[in-house]
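In what follows, a structure is listed as structure tokens, so that the remarks can point back to it.
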Amino acid sequence: MTRAISVGLAGLGTVGGGVIEMLHKNADLVAARAGRNIVVTAVSARNRRRDRGFSIDGLQWFDDAVAMAADPSIDVVVEVMGGSDGPARALVEAALTAGKPVVTANKALVAVHGADLAALSEKTGTTLAFEAAVAGGIPVIKSLREGLAGNRISHVAGILNGTCNYILTVMREQGRDFPEVLADAQKLGYAEADPAFDVDGIDAAHKLAILAALSFGRPVAFEAVYIEGIRKISALDIGFARELGYRIKLLGIARQTDAGVAARVHPCMVPESSPIARVDGVFNAVVAEGDFVGRVMLEGRGAGAGPTASAVVADLIDIARDRVTPVWGAGSGSLSNAPSVSMDGHVCAYYLRLMVVDRPGVIADVTAALRDFGVSMGSLLQRGRAPGGAVPVVIVTHETQESAMLSAIQKIAQLSTVLEPPALIRIEPA
Ligand SMILES: NC(=O)c1ccc[n+]([C@@H]2O[C@H](COP(=O)([O-])OP(=O)(O)OC[C@H]3O[C@@H](n4cnc5c(N)ncnc54)[C@H](OP(=O)(O)O)[C@@H]3O)[C@@H](O)[C@H]2O)c1
């Protein structure tokens, strides 16, 4: 067998620990598939003395992770520290510049700086691999970039954040509201102490930006992704969704249109019978539509030590085998320059829920505002009676342009009989 590949592992947290464990437990199998042993020989983290539940005895220690790039004994760098800038970016840039292949799980880094990093990877002829960055253990990068390489992909969508999917699932199953379920998820370790990246949709947007770049063969454009998180979803809306035959999911959706690429992350109502509606808890799923293959759906665990290590180790095996694919599937000269399309022109049916004063004439004012902006109503639902008090009213529109819908809502929100900010959720066909 050829000489072992020596890995410098930067980051010894959830993912780093998983990589060490997998390379240890499955060493024979990995060696057989890689054609050589893959061995972690050097590590870096912030705190050398932290008890991590595994031994780093005998491994070279780096206080400064970036110095790994210059160490001649290291063949490949694995960056699992996190952060779109700082040491993670510095290390990846230094390694690529030095001609050392890089494996990273860092979606923030790839989404925000992926265009520049891909250019650097191409310039130096050095692999930048990031299977673990999107949907953890689901081999979605490989599937889109290699397995579906002969297809024109028109549409890619997914449940890309396990924390949000877990929270929405528990809210639905237990009829509880967001703040309470979030607090429980934090206690159980399913949500971070600072949950903003997850619940505000940013993490899903990082992953969607990467999927869109791969699917449509263009440089990553995170800043063009429309983002809305799940904080405003209430148990009340989840209940109405059920009554209407929908489930609420945080989806990332990217579509190639004649005008360009539209990419958005927001809560969606999806038909209860659609396969994606059935993906619950911490699971992730990705659906892609290719012109020859049709629809493909992948489902699995999107986070955690095991699934993420599975993806990192697969990348290391590809590197050991010299299986090289350009970062976005094609060289920079062949990438598309399709523009990004803004959300204003988006067209869909909307779920609109209002809390209104239970008094004659109120609905007429609301429907007049919809009419003024050309929004056509599909159905209206009112539950409960509280003369003079507040009652929920649900309106489902026909297909409407986003800009018209937003203008109508602005007017509706100003009505004195509308007591709370309107809740608006886009309905996504199956
Ligand atoms: N967790 C998942 O399920 C998952 C899934 C997919 C992708 N990812 C991505 O994988 C990356 C790592 O995530 P994680 O969950 O493993 O994070 P984590 O558990 O917080 O671990 C981060 C590790 O990086 C080290 N580190 C942080 N800053 C450093 C610095 N400046 N210099 C050297 N080491 C530093 C930390 O050192 P100390 O231990 O000494 O503090 C820690 O060992 C992130 O980009 C994340 O988005 C994670």
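Residues are referred to by chain and number: the chain letter is A, B, ... according to the order shown in the structure tokens, the number counts from 1 in that chain, and ligands are numbered separately from 1 in the order shown.
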Within 9 Å of ligand 1 (only C-alpha atoms and all ligand atoms), residues as number ranges by chain: A: 10-18, 43-50, 52, 62-66, 79-84, 86-88, 104-109, 132-137, 203, 302-309
Running DSSP on the backbone, which parts of stretch 209-353 of chain A land in strand (DSSP E), as a ChimeraX atom specification? /A:226-227,246-257,260-271,283-290,294-301,347-353
Could you dump the residues just selected with C-alpha atoms as an mmCIF file, in the first residue's frame?
data_model
loop_
_atom_site.group_PDB
_atom_site.id
_atom_site.type_symbol
_atom_site.label_atom_id
_atom_site.label_comp_id
_atom_site.auth_asym_id
_atom_site.auth_seq_id
_atom_site.Cartn_x
_atom_site.Cartn_y
_atom_site.Cartn_z
ATOM 1 C CA TYR A 226 -33.914 35.827 0.664
ATOM 2 C CA ILE A 227 -34.031 34.804 4.353
ATOM 3 C CA TYR A 246 -50.616 21.418 5.224
ATOM 4 C CA ARG A 247 -47.530 21.164 7.402
ATOM 5 C CA ILE A 248 -45.219 24.073 8.099
ATOM 6 C CA LYS A 249 -41.560 23.493 7.228
ATOM 7 C CA LEU A 250 -38.582 25.814 6.961
ATOM 8 C CA LEU A 251 -37.465 25.197 3.385
ATOM 9 C CA GLY A 252 -34.577 26.433 1.315
ATOM 10 C CA ILE A 253 -35.639 26.612 -2.324
ATOM 11 C CA ALA A 254 -33.596 27.598 -5.371
ATOM 12 C CA ARG A 255 -35.007 27.719 -8.866
ATOM 13 C CA GLN A 256 -33.514 28.454 -12.250
ATOM 14 C CA THR A 257 -35.936 30.774 -14.061
ATOM 15 C CA GLY A 260 -32.090 34.100 -13.369
ATOM 16 C CA VAL A 261 -31.675 32.202 -10.129
ATOM 17 C CA ALA A 262 -34.206 32.698 -7.321
ATOM 18 C CA ALA A 263 -33.057 31.444 -3.915
ATOM 19 C CA ARG A 264 -35.102 31.774 -0.737
ATOM 20 C CA VAL A 265 -35.328 30.396 2.786
ATOM 21 C CA HIS A 266 -38.603 30.837 4.661
ATOM 22 C CA PRO A 267 -41.336 28.877 6.421
ATOM 23 C CA CYS A 268 -43.617 27.184 3.890
ATOM 24 C CA MET A 269 -46.910 25.382 4.021
ATOM 25 C CA VAL A 270 -46.447 22.114 2.159
ATOM 26 C CA PRO A 271 -49.204 19.600 1.428
ATOM 27 C CA PHE A 283 -33.737 15.000 9.884
ATOM 28 C CA ASN A 284 -32.789 16.872 6.720
ATOM 29 C CA ALA A 285 -33.947 16.225 3.167
ATOM 30 C CA VAL A 286 -33.001 17.552 -0.246
ATOM 31 C CA VAL A 287 -35.096 17.321 -3.408
ATOM 32 C CA ALA A 288 -33.619 18.044 -6.829
ATOM 33 C CA GLU A 289 -35.299 18.044 -10.207
ATOM 34 C CA GLY A 290 -33.187 17.181 -13.262
ATOM 35 C CA GLY A 294 -36.720 13.661 -12.861
ATOM 36 C CA ARG A 295 -37.159 14.135 -9.147
ATOM 37 C CA VAL A 296 -34.605 12.809 -6.662
ATOM 38 C CA MET A 297 -35.010 13.026 -2.910
ATOM 39 C CA LEU A 298 -32.335 12.320 -0.315
ATOM 40 C CA GLU A 299 -33.054 12.147 3.394
ATOM 41 C CA GLY A 300 -30.898 11.601 6.457
ATOM 42 C CA ARG A 301 -29.232 13.105 9.470
ATOM 43 C CA VAL A 347 -45.530 34.253 -7.242
ATOM 44 C CA CYS A 348 -47.359 31.800 -4.970
ATOM 45 C CA ALA A 349 -50.526 31.302 -2.965
ATOM 46 C CA TYR A 350 -50.417 32.785 0.538
ATOM 47 C CA TYR A 351 -51.833 31.887 3.909
ATOM 48 C CA LEU A 352 -52.766 35.058 5.769
ATOM 49 C CA ARG A 353 -53.933 34.942 9.388
#
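Our summary of the geometry notes that atom CA of A:Val30 is positioned 26.0 Å from atom CA of A:Trp328.
Note that the spacing between atom CA of A:Ala430 and atom CA of A:Ile167 amounts to 21.8 Å.
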Taking only C-alpha atoms into account, name the residue in A:Lys207, A:Ala67, A:Tyr190, A:Val110 that is nearest to A:Asp85. A:Val110
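Here the question is which of A:Ala320, A:Leu188, A:Val112, A:Ala224 gets nearest to A:Arg3 using only C-alpha atoms, and that residue is A:Ala320.
The interatomic distance for the pair atom CA of A:Gln60 and atom CA of A:Val7 works out to 10.7 Å.
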Each stretch 159-240 of chain A residue no farther than 12 Å from stretch 362-384 of chain A, nearest pair in Å, only C-alpha atoms, as a Markdown table:
| residue | atom | partner | partner_atom | distance |
| --- | --- | --- | --- | --- |
| A:Leu236 | CA | A:Arg383 | CA | 11.2 |
| A:Gly239 | CA | A:Arg383 | CA | 11.6 |
| A:Phe240 | CA | A:Leu381 | CA | 9.2 |
Would you pick out the contacts of A:Ala129 at 7 Å or less, using only C-alpha atoms, so that residues sharing its chain but fewer than 4 positions from it are not included, and give the list as a list of chain:residue names? A:Val102, A:Val103, A:Thr104, A:Asp315
For the selection you just gave me, I'd like the residues written to a file as a CSV table (one decimal), in the first residue's frame, keeping C-alpha atoms.
chain,number,residue,atom,x,y,z
A,102,VAL,CA,-8.6,21.0,2.3
A,103,VAL,CA,-11.7,19.3,3.7
A,104,THR,CA,-14.1,21.6,5.6
A,315,ASP,CA,-13.9,13.6,1.2
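The environment of A:Pro195 within 9 Å, counting only C-alpha atoms and disregarding residues fewer than 5 places along the same chain, consists of Thr163, Leu182, Gln186 and Asp200 of chain A.
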For those residues, write C-alpha atoms to a file as a tab-separated table (two decimals), in the first residue's frame.
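Wrote part-v3.tsv, looks like this:
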chain	number	residue	atom	x	y	z
A	163	THR	CA	-32.85	22.52	14.74
A	182	LEU	CA	-36.87	26.46	21.73
A	186	GLN	CA	-31.62	24.15	24.08
A	200	ASP	CA	-33.39	33.00	11.82
Using only C-alpha atoms, determine which residues lie at most 8 Å from A:Leu148, disregarding the query and same-chain residues fewer than 4 positions distant; provide the list as a PDB file with N, CA and C atoms, in the first residue's frame.
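New file out-v3.pdb:
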ATOM      1  N   SER A 143     -23.930  13.934  -4.894  1.00  0.00           N
ATOM      2  CA  SER A 143     -25.081  13.577  -5.730  1.00  0.00           C
ATOM      3  C   SER A 143     -25.327  14.638  -6.794  1.00  0.00           C
ATOM      4  N   LEU A 144     -25.327  15.900  -6.378  1.00  0.00           N
ATOM      5  CA  LEU A 144     -25.619  16.964  -7.345  1.00  0.00           C
ATOM      6  C   LEU A 144     -24.470  17.144  -8.330  1.00  0.00           C
ATOM      7  N   GLY A 290     -34.063  17.117 -12.087  1.00  0.00           N
ATOM      8  CA  GLY A 290     -33.187  17.181 -13.262  1.00  0.00           C
ATOM      9  C   GLY A 290     -33.970  16.876 -14.525  1.00  0.00           C
ATOM     10  N   VAL A 293     -33.271  12.927 -15.168  1.00  0.00           N
ATOM     11  CA  VAL A 293     -33.492  12.010 -14.041  1.00  0.00           C
ATOM     12  C   VAL A 293     -34.874  12.183 -13.415  1.00  0.00           C
TER      13      VAL A 293
END
Nearest to A:Cys164 by atom-to-atom distance, counting only C-alpha atoms, from A:Val282, A:Val225, A:Val327, A:Ala277: A:Val282
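If you count only C-alpha atoms and ignore residues fewer than 5 places along the chain from A:Asp344, what sits within 10 Å of it is Gln401, Glu402, Ser403, Ala404, Met405 and Leu406 of chain A.
Neighbouring residues of A:Ala386 at 9 Å or closer, counting only C-alpha atoms and skipping chain neighbours under 3 positions away, are Val357, Asp358, Arg359, Gly389, Ala390 and Val391 of chain A.
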Could you turn the residues from that selection into a file that holds C-alpha atoms, as a tab-separated table (two decimals), in the first residue's frame?
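Result file part_12.tsv:
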chain	number	residue	atom	x	y	z
A	357	VAL	CA	-62.26	42.51	16.21
A	358	ASP	CA	-65.34	40.30	16.01
A	359	ARG	CA	-67.68	42.90	14.55
A	389	GLY	CA	-63.30	40.64	21.23
A	390	ALA	CA	-60.51	39.20	19.05
A	391	VAL	CA	-60.97	36.25	16.68
As a PyMOL selection string, which residues of stretch 68-269 of chain A does DSSP assign to helix (DSSP H, G or I)? chain A and resi 68-70+86-97+107-124+131-133+140-147+162-174+178-188+196-199+202-216+222-224+235-244
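Taking only C-alpha atoms into account, A:Gly229 lies nearest to A:Ala205 out of the set A:Ile409, A:Val140, A:Ala205, A:Leu214.
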